[in-house]
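Shown here: final.tsv, TSV, C-alpha atoms.
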```
chain	number	residue	atom	x	y	z
A	185	MET	CA	139.89	38.42	133.52
A	186	THR	CA	141.77	41.38	134.85
A	187	ASN	CA	140.91	43.16	138.06
A	188	SER	CA	139.88	46.17	136.00
A	189	TYR	CA	137.28	44.08	134.14
A	190	LEU	CA	136.00	42.59	137.41
A	191	ASP	CA	135.80	46.05	138.94
A	192	GLN	CA	133.77	47.31	135.96
A	193	LEU	CA	131.46	44.29	136.14
A	194	THR	CA	130.94	44.76	139.87
A	195	SER	CA	130.32	48.48	139.33
A	196	LYS	CA	127.66	47.79	136.66
A	197	GLN	CA	125.96	45.20	138.86
A	198	SER	CA	125.95	47.64	141.77
A	199	ALA	CA	124.47	50.37	139.56
A	200	VAL	CA	121.67	48.02	138.46
A	201	ARG	CA	121.00	47.08	142.09
A	202	PHE	CA	120.95	50.79	142.99
A	203	ALA	CA	118.41	51.50	140.22
A	204	ASP	CA	116.21	48.64	141.42
A	205	GLU	CA	116.29	49.80	145.04
A	206	VAL	CA	115.90	53.49	144.37
A	207	GLY	CA	113.51	53.13	141.44
A	208	SER	CA	110.65	51.55	143.33
A	209	THR	CA	110.92	54.16	146.09
A	210	VAL	CA	111.07	57.11	143.70
A	211	ARG	CA	108.15	55.84	141.60
A	212	MET	CA	106.06	55.33	144.75
A	213	CYS	CA	106.83	58.84	146.04
A	214	VAL	CA	106.25	60.64	142.72
A	215	ASP	CA	103.15	58.68	141.77
A	216	GLY	CA	101.70	59.03	145.27
A	217	VAL	CA	101.91	62.81	145.14
A	218	VAL	CA	101.00	63.80	141.57
A	219	LYS	CA	99.73	60.83	139.56
A	220	ASP	CA	96.06	61.64	140.18
A	221	GLU	CA	96.35	65.41	139.67
A	222	THR	CA	94.07	66.34	136.78
A	223	LEU	CA	94.99	70.04	136.60
A	224	TYR	CA	98.32	71.81	136.75
A	225	ASP	CA	98.18	74.47	139.45
A	226	HIS	CA	101.31	76.62	139.71
A	227	THR	CA	100.37	77.56	143.27
A	228	LYS	CA	100.59	73.87	144.27
A	229	ALA	CA	103.66	72.90	142.23
A	230	GLN	CA	106.22	73.94	144.87
A	231	GLY	CA	104.35	71.96	147.52
A	232	TRP	CA	104.24	68.88	145.28
A	233	MET	CA	107.98	69.11	144.62
A	234	ASP	CA	108.80	69.63	148.31
A	235	GLU	CA	106.67	66.63	149.26
A	236	ILE	CA	108.28	64.43	146.60
A	237	VAL	CA	111.89	65.28	147.48
A	238	ASN	CA	111.26	65.02	151.22
A	239	LYS	CA	109.49	61.65	150.91
A	240	CYS	CA	112.21	60.30	148.63
A	241	THR	CA	115.02	61.45	150.92
A	242	THR	CA	113.33	60.12	154.04
A	243	ARG	CA	112.48	56.72	152.57
A	244	LEU	CA	115.85	56.26	150.88
A	245	THR	CA	117.77	57.04	154.08
A	246	GLU	CA	115.52	54.59	155.94
A	247	ILE	CA	116.58	51.89	153.46
A	248	ASN	CA	120.27	52.59	153.98
A	249	PRO	CA	121.35	55.46	156.25
A	250	LYS	CA	125.02	55.04	155.21
A	251	ARG	CA	124.31	56.30	151.71
A	252	LYS	CA	124.22	59.93	150.60
A	253	TYR	CA	121.44	61.04	148.26
A	254	ILE	CA	120.68	64.16	146.26
A	255	VAL	CA	117.07	64.35	145.06
A	256	ASN	CA	115.98	66.76	142.35
A	257	CYS	CA	112.40	67.21	141.12
A	258	THR	CA	111.00	69.29	138.27
A	259	ILE	CA	107.30	69.71	137.56
A	260	THR	CA	105.94	71.51	134.53
A	261	GLN	CA	102.55	71.89	132.94
A	262	ASN	CA	101.90	69.44	130.11
A	263	ALA	CA	100.81	72.04	127.58
A	264	GLY	CA	102.83	71.05	124.55
A	265	ALA	CA	105.73	73.36	125.33
A	266	GLY	CA	109.25	72.02	125.46
A	267	MET	CA	111.12	71.34	128.65
A	268	HIS	CA	114.88	71.06	128.68
A	269	SER	CA	117.08	70.22	131.60
A	270	ALA	CA	120.71	69.31	132.10
A	271	SER	CA	122.98	68.40	134.95
A	272	ALA	CA	126.64	67.59	135.25
A	273	CYS	CA	128.67	65.73	137.84
A	274	TYR	CA	132.27	64.89	138.40
A	275	TRP	CA	131.55	61.19	138.66
A	276	ASP	CA	133.17	58.08	140.10
A	277	SER	CA	131.41	55.25	138.27
A	278	THR	CA	132.68	52.74	140.82
A	279	ALA	CA	130.98	54.53	143.72
A	280	ASP	CA	128.25	56.85	142.39
A	281	ALA	CA	124.95	56.16	140.63
A	282	THR	CA	121.83	57.91	139.40
A	283	PHE	CA	118.20	57.07	138.73
A	284	THR	CA	115.57	59.19	136.92
A	285	HIS	CA	111.81	58.68	136.90
A	286	LYS	CA	109.53	60.59	134.53
A	287	LEU	CA	105.77	60.67	135.04
A	288	GLU	CA	103.70	62.30	132.31
A	289	THR	CA	99.97	62.84	132.75
A	290	SER	CA	97.53	64.92	130.75
A	291	ALA	CA	98.07	67.77	133.23
A	292	LEU	CA	101.76	67.73	134.11
A	293	ILE	CA	105.20	66.30	133.55
A	294	THR	CA	107.26	65.33	136.58
A	295	VAL	CA	110.92	64.36	136.43
A	296	CYS	CA	112.61	63.16	139.60
A	297	THR	CA	116.32	62.32	139.65
A	298	VAL	CA	118.20	60.74	142.54
A	299	TYR	CA	121.97	60.84	142.70
A	300	GLY	CA	123.63	58.33	144.99
A	301	VAL	CA	127.03	59.63	146.02
A	302	GLY	CA	129.58	57.14	147.25
A	303	CYS	CA	126.89	54.51	147.50
A	304	LEU	CA	128.00	51.63	145.28
A	305	GLY	CA	129.82	48.77	146.83
A	306	PHE	CA	128.13	49.26	150.23
A	307	ASP	CA	126.07	46.34	151.39
A	308	LYS	CA	122.69	46.88	152.97
```
In structure tokens, how does this file's structure come out?
Amino acid sequence: MTNSYLDQLTSKQSAVRFADEVGSTVRMCVDGVVKDETLYDHTKAQGWMDEIVNKCTTRLTEINPKRKYIVNCTITQNAGAGMHSASACYWDSTADATFTHKLETSALITVCTVYGVGCLGFDK
């Protein structure tokens, strides 16, 4: 095995570990805020998103304060209309990772994405 192959393997393992760590936190934050909402209320949507991103950021930095996180949240009414979103990053796959959680209820669709910048390869 070459060092390049070992580096790729280590990078993939680190990305999986990142998804495991971040995933449970993001799911808990998103589900805790909007899972039981039975009606979409546009006057509450900004508050829900603020609460989700703030909880995610706070809890993730408590897990590992050396890491840098970017948290993005989108909430839309689940009314049969389409929702399209895109993002782009100049990415270092040996150091950066991402995790996305989608929660769809009868009332709303929530998508929360966390980008970990320079976070792979750091031990807890």
Which of A:Thr258, A:Leu244, A:Tyr224, A:Lys252 sits closest to Gly207 of chain A [using only C-alpha atoms]: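 Answer, going by the shortest atom-to-atom distance: A:Leu244.
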Give me, as JSON lines, the closest atom pair and its distance (Å, one decimal) for every residue of segment 240-263 of chain A within a cut-off of 7 Å of segment 288-297 of chain A, counting only C-alpha atoms, rows sorted by chain and rising number.
```
{"residue": "A:Val255", "atom": "CA", "partner": "A:Thr297", "partner_atom": "CA", "distance": 5.8}
{"residue": "A:Asn256", "atom": "CA", "partner": "A:Thr297", "partner_atom": "CA", "distance": 5.2}
{"residue": "A:Cys257", "atom": "CA", "partner": "A:Cys296", "partner_atom": "CA", "distance": 4.3}
{"residue": "A:Thr258", "atom": "CA", "partner": "A:Val295", "partner_atom": "CA", "distance": 5.3}
{"residue": "A:Ile259", "atom": "CA", "partner": "A:Thr294", "partner_atom": "CA", "distance": 4.5}
{"residue": "A:Thr260", "atom": "CA", "partner": "A:Ile293", "partner_atom": "CA", "distance": 5.4}
{"residue": "A:Gln261", "atom": "CA", "partner": "A:Leu292", "partner_atom": "CA", "distance": 4.4}
{"residue": "A:Asn262", "atom": "CA", "partner": "A:Leu292", "partner_atom": "CA", "distance": 4.4}
```
Atomic distance atom CA of Thr245 of chain A - atom CA of Ala279 of chain A, expressed in Å with one decimal: 17.0 Å
Atom-to-atom span, atom CA of Glu221 of chain A and atom CA of Ile254 of chain A, Å: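 Taking atom CA of Glu221 of chain A as the start and atom CA of Ile254 of chain A as the end point, the length is 25.2 Å.
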Atomic distance atom CA of Val210 of chain A - atom CA of Gly302 of chain A, expressed in Å with one decimal: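 Rounded to one decimal, the two atoms are 18.8 Å apart.
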Nearest-residue call for Ile247 of chain A, choices A:Ala263, A:Met212, A:Val206, A:Ala272, using only C-alpha atoms: A:Val206
Shell around Val217 of chain A at 8 Å using all atoms listed in the file, local window under 3 positions removed, as a list in words: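 Close residues of Val217 of chain A: Cys213, Val214, Asp220, Trp232, Glu235 and Ile236 of chain A.
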Using all atoms of segment 233-247 of chain A listed in the file and a margin of 6 Å per side, can you give the axis-aligned box centre and edge lengths in Å to one decimal, as JSON?
```
{"center_x": 112.2, "center_y": 60.8, "center_z": 150.3, "size_x": 23.1, "size_y": 29.7, "size_z": 23.3}
```
